[in-house]
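Visitor: To be precise about what I am sending: the file is called my_file01.cif and holds mmCIF, N, CA and C atoms and all ligand atoms.
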data_model
#
loop_
_atom_site.label_atom_id
_atom_site.label_comp_id
_atom_site.auth_asym_id
_atom_site.auth_seq_id
_atom_site.Cartn_x
_atom_site.Cartn_y
_atom_site.Cartn_z
N MET O 239 28.59 2.05 24.62
CA MET O 239 28.94 2.57 23.28
C MET O 239 28.18 3.87 23.00
N PRO O 240 28.79 4.77 22.28
CA PRO O 240 28.14 6.05 21.99
C PRO O 240 26.89 5.90 21.13
N ASN O 241 25.98 6.83 21.31
CA ASN O 241 24.79 6.88 20.48
C ASN O 241 25.02 7.80 19.29
N LEU O 242 24.47 7.39 18.16
CA LEU O 242 24.51 8.24 16.98
C LEU O 242 23.40 9.28 17.12
N THR O 243 23.73 10.55 16.92
CA THR O 243 22.69 11.56 17.04
C THR O 243 22.33 12.19 15.69
N ALA O 244 23.22 12.06 14.70
CA ALA O 244 22.91 12.57 13.36
C ALA O 244 23.74 11.83 12.33
N ILE O 245 23.15 11.64 11.15
CA ILE O 245 23.88 11.02 10.04
C ILE O 245 23.32 11.59 8.75
N HIS O 246 24.18 12.09 7.91
CA HIS O 246 23.71 12.58 6.61
C HIS O 246 24.86 12.69 5.62
N PRO O 247 24.54 12.70 4.33
CA PRO O 247 25.58 12.82 3.31
C PRO O 247 26.29 14.16 3.40
N SER O 248 27.54 14.15 3.04
CA SER O 248 28.38 15.34 3.09
C SER O 248 29.09 15.44 1.74
N PRO O 249 29.69 16.59 1.41
CA PRO O 249 30.42 16.67 0.13
C PRO O 249 31.57 15.66 0.06
N GLN O 250 32.08 15.46 -1.14
CA GLN O 250 33.24 14.59 -1.41
C GLN O 250 32.99 13.12 -1.07
N HIS O 251 31.80 12.66 -1.41
CA HIS O 251 31.45 11.24 -1.26
C HIS O 251 31.62 10.75 0.17
N ARG O 252 31.27 11.57 1.10
CA ARG O 252 31.41 11.18 2.50
C ARG O 252 30.09 11.25 3.22
N ILE O 253 30.03 10.46 4.27
CA ILE O 253 28.87 10.50 5.13
C ILE O 253 29.33 11.11 6.45
N ARG O 254 28.50 11.97 6.99
CA ARG O 254 28.88 12.66 8.22
C ARG O 254 28.06 12.10 9.38
N MET O 255 28.74 11.81 10.48
CA MET O 255 28.06 11.26 11.65
C MET O 255 28.40 12.05 12.90
N THR O 256 27.40 12.25 13.72
CA THR O 256 27.62 12.90 15.00
C THR O 256 27.20 11.93 16.10
N PHE O 257 28.05 11.82 17.13
CA PHE O 257 27.75 10.95 18.25
C PHE O 257 27.52 11.78 19.52
N ASP O 258 26.87 11.14 20.48
CA ASP O 258 26.55 11.89 21.70
C ASP O 258 27.77 12.14 22.60
N THR O 259 28.94 11.69 22.12
CA THR O 259 30.18 12.03 22.80
C THR O 259 30.61 13.45 22.40
N GLY O 260 29.88 14.01 21.40
CA GLY O 260 30.24 15.32 20.88
C GLY O 260 31.18 15.22 19.69
N GLU O 261 31.54 13.98 19.32
CA GLU O 261 32.46 13.79 18.19
C GLU O 261 31.71 13.77 16.87
N ASN O 262 32.37 14.35 15.85
CA ASN O 262 31.86 14.31 14.48
C ASN O 262 32.88 13.60 13.62
N PHE O 263 32.39 12.73 12.74
CA PHE O 263 33.29 12.04 11.83
C PHE O 263 32.74 12.09 10.43
N GLU O 264 33.65 12.00 9.46
CA GLU O 264 33.23 11.78 8.08
C GLU O 264 33.94 10.55 7.56
N ILE O 265 33.18 9.71 6.88
CA ILE O 265 33.74 8.47 6.34
C ILE O 265 33.30 8.36 4.88
N GLN O 266 34.19 7.85 4.05
CA GLN O 266 33.90 7.70 2.63
C GLN O 266 32.73 6.73 2.42
N TYR O 267 31.87 7.04 1.47
CA TYR O 267 30.76 6.13 1.13
C TYR O 267 31.30 4.73 0.88
N LEU O 268 32.41 4.66 0.10
CA LEU O 268 32.97 3.38 -0.27
C LEU O 268 33.37 2.55 0.96
N ASP O 269 33.97 3.21 1.94
CA ASP O 269 34.37 2.49 3.15
C ASP O 269 33.17 1.96 3.92
N LEU O 270 32.13 2.79 3.97
CA LEU O 270 30.93 2.36 4.70
C LEU O 270 30.24 1.20 3.96
N ARG O 271 30.18 1.32 2.63
CA ARG O 271 29.56 0.25 1.83
C ARG O 271 30.37 -1.05 1.95
N PHE O 272 31.70 -0.92 1.88
CA PHE O 272 32.56 -2.09 1.94
C PHE O 272 32.41 -2.82 3.28
N HIS O 273 32.19 -2.08 4.34
CA HIS O 273 32.08 -2.71 5.66
C HIS O 273 30.66 -3.08 6.03
N CYS O 274 29.81 -3.22 5.04
CA CYS O 274 28.44 -3.66 5.30
C CYS O 274 28.46 -4.96 6.10
N PRO O 275 27.71 -5.00 7.21
CA PRO O 275 27.77 -6.16 8.10
C PRO O 275 26.79 -7.28 7.75
N CYS O 276 26.08 -7.20 6.63
CA CYS O 276 25.01 -8.17 6.36
C CYS O 276 25.55 -9.53 5.91
N ALA O 277 24.67 -10.51 5.89
CA ALA O 277 25.06 -11.90 5.61
C ALA O 277 25.49 -12.13 4.16
N SER O 278 25.12 -11.22 3.24
CA SER O 278 25.62 -11.43 1.88
C SER O 278 26.97 -10.74 1.67
N CYS O 279 27.42 -9.97 2.64
CA CYS O 279 28.74 -9.33 2.54
C CYS O 279 29.77 -9.97 3.46
N VAL O 280 29.28 -10.65 4.51
CA VAL O 280 30.17 -11.32 5.45
C VAL O 280 29.67 -12.75 5.66
N ASP O 281 30.58 -13.71 5.60
CA ASP O 281 30.21 -15.10 5.86
C ASP O 281 29.83 -15.24 7.33
N GLU O 282 28.60 -15.68 7.56
CA GLU O 282 28.09 -15.73 8.94
C GLU O 282 28.84 -16.71 9.83
N ILE O 283 29.36 -17.75 9.20
CA ILE O 283 30.03 -18.78 9.99
C ILE O 283 31.48 -18.43 10.28
N THR O 284 32.20 -18.05 9.23
CA THR O 284 33.62 -17.74 9.42
C THR O 284 33.86 -16.29 9.83
N GLY O 285 32.86 -15.42 9.60
CA GLY O 285 33.04 -14.01 9.91
C GLY O 285 33.90 -13.30 8.87
N LYS O 286 34.24 -14.03 7.81
CA LYS O 286 35.11 -13.48 6.78
C LYS O 286 34.32 -12.65 5.77
N ARG O 287 34.88 -11.52 5.37
CA ARG O 287 34.20 -10.66 4.40
C ARG O 287 34.24 -11.30 3.03
N THR O 288 33.06 -11.49 2.43
CA THR O 288 32.99 -12.11 1.11
C THR O 288 32.88 -11.05 0.02
N LEU O 289 32.46 -9.86 0.40
CA LEU O 289 32.38 -8.76 -0.55
C LEU O 289 33.79 -8.30 -0.92
N ARG O 290 34.05 -8.16 -2.21
CA ARG O 290 35.35 -7.67 -2.65
C ARG O 290 35.28 -6.17 -2.89
N ARG O 291 36.26 -5.47 -2.40
CA ARG O 291 36.27 -4.02 -2.52
C ARG O 291 36.23 -3.57 -3.98
N GLU O 292 36.95 -4.32 -4.83
CA GLU O 292 37.02 -3.95 -6.25
C GLU O 292 35.66 -4.08 -6.94
N SER O 293 34.75 -4.84 -6.32
CA SER O 293 33.46 -5.04 -6.96
C SER O 293 32.50 -3.88 -6.67
N ILE O 294 32.91 -2.96 -5.82
CA ILE O 294 32.06 -1.81 -5.52
C ILE O 294 32.42 -0.67 -6.46
N LYS O 295 31.39 -0.11 -7.09
CA LYS O 295 31.65 1.01 -8.00
C LYS O 295 32.14 2.22 -7.19
N PRO O 296 33.14 2.92 -7.74
CA PRO O 296 33.69 4.07 -7.00
C PRO O 296 32.68 5.19 -6.76
N ASP O 297 31.62 5.21 -7.58
CA ASP O 297 30.64 6.29 -7.42
C ASP O 297 29.45 5.86 -6.54
N ILE O 298 29.64 4.79 -5.78
CA ILE O 298 28.59 4.31 -4.86
C ILE O 298 28.13 5.45 -3.94
N LYS O 299 26.81 5.48 -3.71
CA LYS O 299 26.32 6.49 -2.76
C LYS O 299 25.04 6.02 -2.08
N PRO O 300 24.76 6.55 -0.91
CA PRO O 300 23.53 6.16 -0.23
C PRO O 300 22.33 6.87 -0.84
N MET O 301 21.26 6.14 -1.11
CA MET O 301 20.05 6.74 -1.64
C MET O 301 19.13 7.15 -0.51
N LYS O 302 19.21 6.36 0.57
CA LYS O 302 18.31 6.57 1.69
C LYS O 302 18.96 6.00 2.96
N ILE O 303 18.85 6.72 4.04
CA ILE O 303 19.36 6.23 5.33
C ILE O 303 18.20 6.27 6.31
N GLU O 304 17.83 5.10 6.82
CA GLU O 304 16.67 5.03 7.70
C GLU O 304 17.03 4.51 9.08
N PRO O 305 16.47 5.09 10.11
CA PRO O 305 16.73 4.58 11.46
C PRO O 305 16.05 3.22 11.67
N VAL O 306 16.71 2.35 12.42
CA VAL O 306 16.13 1.08 12.83
C VAL O 306 16.12 1.10 14.35
N GLY O 307 14.95 1.22 14.91
CA GLY O 307 14.86 1.35 16.37
C GLY O 307 15.70 2.52 16.85
N ARG O 308 16.32 2.32 18.00
CA ARG O 308 17.18 3.37 18.55
C ARG O 308 18.63 2.95 18.57
N TYR O 309 18.95 1.98 17.72
CA TYR O 309 20.30 1.43 17.83
C TYR O 309 21.03 1.24 16.50
N ALA O 310 20.34 1.43 15.39
CA ALA O 310 20.98 1.15 14.10
C ALA O 310 20.38 2.00 12.99
N VAL O 311 21.06 2.01 11.85
CA VAL O 311 20.49 2.59 10.64
C VAL O 311 20.60 1.57 9.51
N GLN O 312 19.67 1.67 8.59
CA GLN O 312 19.70 0.84 7.40
C GLN O 312 19.97 1.76 6.22
N VAL O 313 20.92 1.36 5.37
CA VAL O 313 21.29 2.21 4.24
C VAL O 313 20.87 1.54 2.94
N ASN O 314 20.14 2.30 2.11
CA ASN O 314 19.83 1.87 0.76
C ASN O 314 20.90 2.45 -0.17
N TRP O 315 21.73 1.58 -0.72
CA TRP O 315 22.84 2.04 -1.56
C TRP O 315 22.43 2.12 -3.02
N SER O 316 23.17 2.91 -3.77
CA SER O 316 22.86 3.10 -5.19
C SER O 316 23.09 1.84 -6.02
N ASP O 317 23.76 0.84 -5.47
CA ASP O 317 23.90 -0.44 -6.19
C ASP O 317 22.74 -1.39 -5.90
N GLY O 318 21.73 -0.89 -5.17
CA GLY O 318 20.54 -1.70 -4.91
C GLY O 318 20.64 -2.50 -3.63
N HIS O 319 21.79 -2.43 -2.97
CA HIS O 319 21.99 -3.22 -1.74
C HIS O 319 21.39 -2.47 -0.55
N SER O 320 20.54 -3.18 0.21
CA SER O 320 19.90 -2.48 1.33
C SER O 320 19.68 -3.37 2.54
N THR O 321 20.37 -4.52 2.58
CA THR O 321 20.14 -5.45 3.69
C THR O 321 21.06 -5.18 4.89
N GLY O 322 21.96 -4.25 4.74
CA GLY O 322 22.90 -3.99 5.83
C GLY O 322 22.32 -3.09 6.90
N MET O 323 22.35 -3.58 8.13
CA MET O 323 21.95 -2.75 9.28
C MET O 323 23.22 -2.40 10.03
N TYR O 324 23.48 -1.13 10.12
CA TYR O 324 24.70 -0.67 10.81
C TYR O 324 24.32 -0.24 12.22
N HIS O 325 24.76 -1.02 13.19
CA HIS O 325 24.52 -0.65 14.58
C HIS O 325 25.38 0.56 14.94
N PHE O 326 24.91 1.32 15.90
CA PHE O 326 25.65 2.53 16.29
C PHE O 326 27.08 2.20 16.71
N ASP O 327 27.26 1.08 17.43
CA ASP O 327 28.62 0.76 17.86
C ASP O 327 29.52 0.41 16.66
N THR O 328 28.92 -0.23 15.63
CA THR O 328 29.67 -0.49 14.40
C THR O 328 30.06 0.82 13.73
N LEU O 329 29.10 1.74 13.64
CA LEU O 329 29.37 3.04 13.01
C LEU O 329 30.47 3.79 13.76
N TYR O 330 30.44 3.68 15.06
CA TYR O 330 31.45 4.36 15.86
C TYR O 330 32.83 3.76 15.62
N LYS O 331 32.88 2.43 15.60
CA LYS O 331 34.15 1.75 15.36
C LYS O 331 34.69 2.08 13.97
N LEU O 332 33.81 2.04 12.96
CA LEU O 332 34.23 2.37 11.60
C LEU O 332 34.71 3.81 11.50
N SER O 333 34.01 4.70 12.21
CA SER O 333 34.41 6.11 12.22
C SER O 333 35.80 6.28 12.79
N LYS O 334 36.07 5.58 13.89
CA LYS O 334 37.38 5.67 14.54
C LYS O 334 38.47 5.10 13.64
N GLU O 335 38.13 4.01 12.95
CA GLU O 335 39.14 3.32 12.17
C GLU O 335 39.36 3.92 10.79
N PHE O 336 38.27 4.29 10.12
CA PHE O 336 38.38 4.71 8.72
C PHE O 336 37.95 6.15 8.48
N GLY O 337 37.32 6.75 9.47
CA GLY O 337 36.81 8.10 9.28
C GLY O 337 37.83 9.17 9.61
N VAL O 338 37.45 10.38 9.33
CA VAL O 338 38.28 11.50 9.76
C VAL O 338 37.43 12.34 10.71
N SER O 339 38.09 12.90 11.69
CA SER O 339 37.41 13.75 12.63
C SER O 339 37.01 15.02 11.90
N ALA O 340 35.74 15.39 12.03
CA ALA O 340 35.25 16.55 11.28
C ALA O 340 34.90 17.67 12.26
N PRO O 341 35.25 18.89 11.91
CA PRO O 341 34.98 19.99 12.83
C PRO O 341 33.48 20.26 12.98
N GLU O 342 33.14 20.89 14.06
CA GLU O 342 31.75 21.30 14.34
C GLU O 342 31.29 22.24 13.24
N ARG O 343 29.99 22.14 12.90
CA ARG O 343 29.47 23.09 11.91
C ARG O 343 28.41 23.97 12.53
ZN ZN I 401 25.70 -6.22 2.85
#
What does the file become when written as structure tokens?
Guide:
Amino acid sequence: MPNLTAIHPSPQHRIRMTFDTGENFEIQYLDLRFHCPCASCVDEITGKRTLRRESIKPDIKPMKIEPVGRYAVQVNWSDGHSTGMYHFDTLYKLSKEFGVSAPER
């Protein structure tokens, strides 16, 4: 799986990610927040998402993005939620599925 080499907020409520494949993606804050992989957002046994999209405020934004080892980032969201660890492979999959390809800057 690709490695994340950069992640930071971008205009229009998007987060920008760069992978070592040379690809850049932008994904909406809301999409990233909604796909939080933690145990309070996803049922650990059934794997079913318990977080409802409608319950996320449209103005959600990341307050802080911190690296976890060399394989994940932890996001502190403006709704106070910070237990989600996004592995690089998860970020890559989300980028492919929900993100838009962003040109080099
Ligand atoms: Zn969560």
Visitor: What lies within 8 Å of segment 285-297 of chain O using only N, CA and C atoms, ignoring chain neighbours under 2 positions off, as a list in words?
Guide: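 Contacts, with the query itself left out: His251, Tyr267, Leu268, Arg271, Phe272, Ala277, Ser278, Cys279, Val280, Asp281, Glu282, Ile283, Lys299, Pro300, Ser316 and Asp317 of chain O.
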Visitor: So what do you get for atom CA of His319 of chain O versus atom CA of Leu332 of chain O, distance-wise?
Guide: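 Answer for the atom CA of His319 of chain O to atom CA of Leu332 of chain O separation: 18.9 Å.
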Visitor: To one decimal place in Å, what is the distance between atom CA of Ile303 of chain O and atom C of His325 of chain O?
Guide: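 So the two atoms, atom CA of Ile303 of chain O and atom C of His325 of chain O, lie 12.7 Å apart.
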Visitor: Pick out the residues no farther than 6 Å from ligand ZN 401 (chain I), counting only C-alpha atoms and all ligand atoms, and list them as a list in words.
Guide: Cys274, Pro275, Cys276, Ser278, Cys279, Thr321 and Gly322 of chain O
Visitor: With distances taken over all atoms listed in the file, which residue among O:Asp269, O:Thr243, O:Asp258, O:Phe263 lies nearest Pro341 of chain O?
Guide: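 Among the listed residues, the smallest separation from Pro341 of chain O belongs to O:Phe263.
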Visitor: Could you tell me which of O:Phe326, O:His273, O:Glu264, O:Lys331 comes closest to Arg308 of chain O if we count all atoms listed in the file?
Guide: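 Checking each candidate against Arg308 of chain O, we get O:Phe326 as the closest.
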Visitor: What is the atom CA of Gln250 of chain O-atom CA of Gly307 of chain O distance in Å, reported with one decimal?
Guide: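 Here the two named atoms are 28.8 Å from each other.
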Visitor: Choose the residue, out of O:Val338, O:Ile298, O:Ala244, O:Val306, that has the smallest atom-to-atom separation from Tyr324 of chain O; count all atoms listed in the file.
Guide: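 Among O:Val338, O:Ile298, O:Ala244, O:Val306, it is O:Val306 that comes nearest to Tyr324 of chain O.
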Visitor: According to DSSP computed on the backbone, where in chain O is there helix (DSSP H, G or I)? Give the residues as a list in words.
Guide: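 For chain O, the helix (DSSP H, G or I) set is Tyr267, Leu268, Asp269, Leu270, Arg271, Phe272, Arg291, Glu292, Ser293, Phe326, Asp327, Thr328, Leu329, Tyr330, Lys331, Leu332, Ser333, Lys334, Glu335 and Phe336 of chain O.
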Visitor: Would you mind completing segment 263-274 of chain O to all heavy atoms and writing the output as an mmCIF file, keeping the file's coordinate frame?
Guide:
data_model
loop_
_atom_site.group_PDB
_atom_site.id
_atom_site.type_symbol
_atom_site.label_atom_id
_atom_site.label_comp_id
_atom_site.auth_asym_id
_atom_site.auth_seq_id
_atom_site.Cartn_x
_atom_site.Cartn_y
_atom_site.Cartn_z
ATOM 1 N N PHE O 263 32.390 12.730 12.740
ATOM 2 C CA PHE O 263 33.290 12.040 11.830
ATOM 3 C C PHE O 263 32.740 12.090 10.430
ATOM 4 O O PHE O 263 31.518 12.154 10.224
ATOM 5 C CB PHE O 263 33.419 10.554 12.212
ATOM 6 C CG PHE O 263 34.039 10.320 13.543
ATOM 7 C CD1 PHE O 263 33.237 10.068 14.652
ATOM 8 C CD2 PHE O 263 35.416 10.326 13.698
ATOM 9 C CE1 PHE O 263 33.808 9.834 15.897
ATOM 10 C CE2 PHE O 263 35.990 10.093 14.943
ATOM 11 C CZ PHE O 263 35.181 9.847 16.039
ATOM 12 N N GLU O 264 33.650 12.000 9.460
ATOM 13 C CA GLU O 264 33.230 11.780 8.080
ATOM 14 C C GLU O 264 33.940 10.550 7.560
ATOM 15 O O GLU O 264 35.129 10.362 7.800
ATOM 16 C CB GLU O 264 33.556 13.003 7.218
ATOM 17 C CG GLU O 264 32.626 14.161 7.564
ATOM 18 C CD GLU O 264 32.727 15.326 6.602
ATOM 19 O OE1 GLU O 264 33.595 15.305 5.708
ATOM 20 O OE2 GLU O 264 31.927 16.260 6.755
ATOM 21 N N ILE O 265 33.180 9.710 6.880
ATOM 22 C CA ILE O 265 33.740 8.470 6.340
ATOM 23 C C ILE O 265 33.300 8.360 4.880
ATOM 24 O O ILE O 265 32.199 8.772 4.516
ATOM 25 C CB ILE O 265 33.276 7.258 7.196
ATOM 26 C CG1 ILE O 265 33.879 5.950 6.692
ATOM 27 C CG2 ILE O 265 31.773 7.145 7.303
ATOM 28 C CD1 ILE O 265 33.657 4.771 7.640
ATOM 29 N N GLN O 266 34.190 7.850 4.050
ATOM 30 C CA GLN O 266 33.900 7.700 2.630
ATOM 31 C C GLN O 266 32.730 6.730 2.420
ATOM 32 O O GLN O 266 32.666 5.705 3.103
ATOM 33 C CB GLN O 266 35.126 7.153 1.881
ATOM 34 C CG GLN O 266 36.345 8.071 1.897
ATOM 35 C CD GLN O 266 36.203 9.230 0.916
ATOM 36 O OE1 GLN O 266 35.493 9.122 -0.082
ATOM 37 N NE2 GLN O 266 36.847 10.332 1.221
ATOM 38 N N TYR O 267 31.870 7.040 1.470
ATOM 39 C CA TYR O 267 30.760 6.130 1.130
ATOM 40 C C TYR O 267 31.300 4.730 0.880
ATOM 41 O O TYR O 267 30.744 3.734 1.346
ATOM 42 C CB TYR O 267 30.059 6.588 -0.152
ATOM 43 C CG TYR O 267 29.277 7.873 -0.046
ATOM 44 C CD1 TYR O 267 29.021 8.633 -1.181
ATOM 45 C CD2 TYR O 267 28.769 8.312 1.170
ATOM 46 C CE1 TYR O 267 28.282 9.804 -1.113
ATOM 47 C CE2 TYR O 267 28.037 9.486 1.253
ATOM 48 C CZ TYR O 267 27.799 10.227 0.108
ATOM 49 O OH TYR O 267 27.075 11.373 0.181
ATOM 50 N N LEU O 268 32.410 4.660 0.100
ATOM 51 C CA LEU O 268 32.970 3.380 -0.270
ATOM 52 C C LEU O 268 33.370 2.550 0.960
ATOM 53 O O LEU O 268 33.146 1.347 1.011
ATOM 54 C CB LEU O 268 34.181 3.603 -1.196
ATOM 55 C CG LEU O 268 34.729 2.383 -1.902
ATOM 56 C CD1 LEU O 268 33.766 1.877 -2.967
ATOM 57 C CD2 LEU O 268 36.077 2.690 -2.545
ATOM 58 N N ASP O 269 33.970 3.210 1.940
ATOM 59 C CA ASP O 269 34.370 2.490 3.150
ATOM 60 C C ASP O 269 33.170 1.960 3.920
ATOM 61 O O ASP O 269 33.175 0.850 4.431
ATOM 62 C CB ASP O 269 35.203 3.404 4.065
ATOM 63 C CG ASP O 269 36.631 3.560 3.565
ATOM 64 O OD1 ASP O 269 37.182 2.573 3.048
ATOM 65 O OD2 ASP O 269 37.183 4.662 3.691
ATOM 66 N N LEU O 270 32.130 2.790 3.970
ATOM 67 C CA LEU O 270 30.930 2.360 4.700
ATOM 68 C C LEU O 270 30.240 1.200 3.960
ATOM 69 O O LEU O 270 29.828 0.217 4.573
ATOM 70 C CB LEU O 270 29.967 3.538 4.856
ATOM 71 C CG LEU O 270 28.879 3.357 5.907
ATOM 72 C CD1 LEU O 270 29.467 3.184 7.294
ATOM 73 C CD2 LEU O 270 27.916 4.540 5.892
ATOM 74 N N ARG O 271 30.180 1.320 2.630
ATOM 75 C CA ARG O 271 29.560 0.250 1.830
ATOM 76 C C ARG O 271 30.370 -1.050 1.950
ATOM 77 O O ARG O 271 29.823 -2.121 2.114
ATOM 78 C CB ARG O 271 29.464 0.680 0.358
ATOM 79 C CG ARG O 271 29.005 -0.411 -0.605
ATOM 80 C CD ARG O 271 27.584 -0.846 -0.334
ATOM 81 N NE ARG O 271 27.184 -1.964 -1.183
ATOM 82 C CZ ARG O 271 27.372 -3.245 -0.851
ATOM 83 N NH1 ARG O 271 27.928 -3.575 0.302
ATOM 84 N NH2 ARG O 271 26.967 -4.198 -1.673
ATOM 85 N N PHE O 272 31.700 -0.920 1.880
ATOM 86 C CA PHE O 272 32.560 -2.090 1.940
ATOM 87 C C PHE O 272 32.410 -2.820 3.280
ATOM 88 O O PHE O 272 32.449 -4.045 3.330
ATOM 89 C CB PHE O 272 34.024 -1.691 1.724
ATOM 90 C CG PHE O 272 34.978 -2.842 1.813
ATOM 91 C CD1 PHE O 272 34.831 -3.952 0.980
ATOM 92 C CD2 PHE O 272 36.023 -2.838 2.725
ATOM 93 C CE1 PHE O 272 35.702 -5.019 1.069
ATOM 94 C CE2 PHE O 272 36.896 -3.902 2.819
ATOM 95 C CZ PHE O 272 36.742 -5.000 1.987
ATOM 96 N N HIS O 273 32.190 -2.080 4.340
ATOM 97 C CA HIS O 273 32.080 -2.710 5.660
ATOM 98 C C HIS O 273 30.660 -3.080 6.030
ATOM 99 O O HIS O 273 30.348 -3.249 7.215
ATOM 100 C CB HIS O 273 32.734 -1.818 6.718
ATOM 101 C CG HIS O 273 34.223 -1.805 6.582
ATOM 102 N ND1 HIS O 273 34.888 -0.844 5.865
ATOM 103 C CD2 HIS O 273 35.169 -2.664 7.027
ATOM 104 C CE1 HIS O 273 36.192 -1.117 5.888
ATOM 105 N NE2 HIS O 273 36.379 -2.207 6.583
ATOM 106 N N CYS O 274 29.810 -3.220 5.040
ATOM 107 C CA CYS O 274 28.440 -3.660 5.300
ATOM 108 C C CYS O 274 28.460 -4.960 6.100
ATOM 109 O O CYS O 274 29.148 -5.916 5.750
ATOM 110 C CB CYS O 274 27.720 -3.882 3.966
ATOM 111 S SG CYS O 274 26.044 -4.486 4.205
#
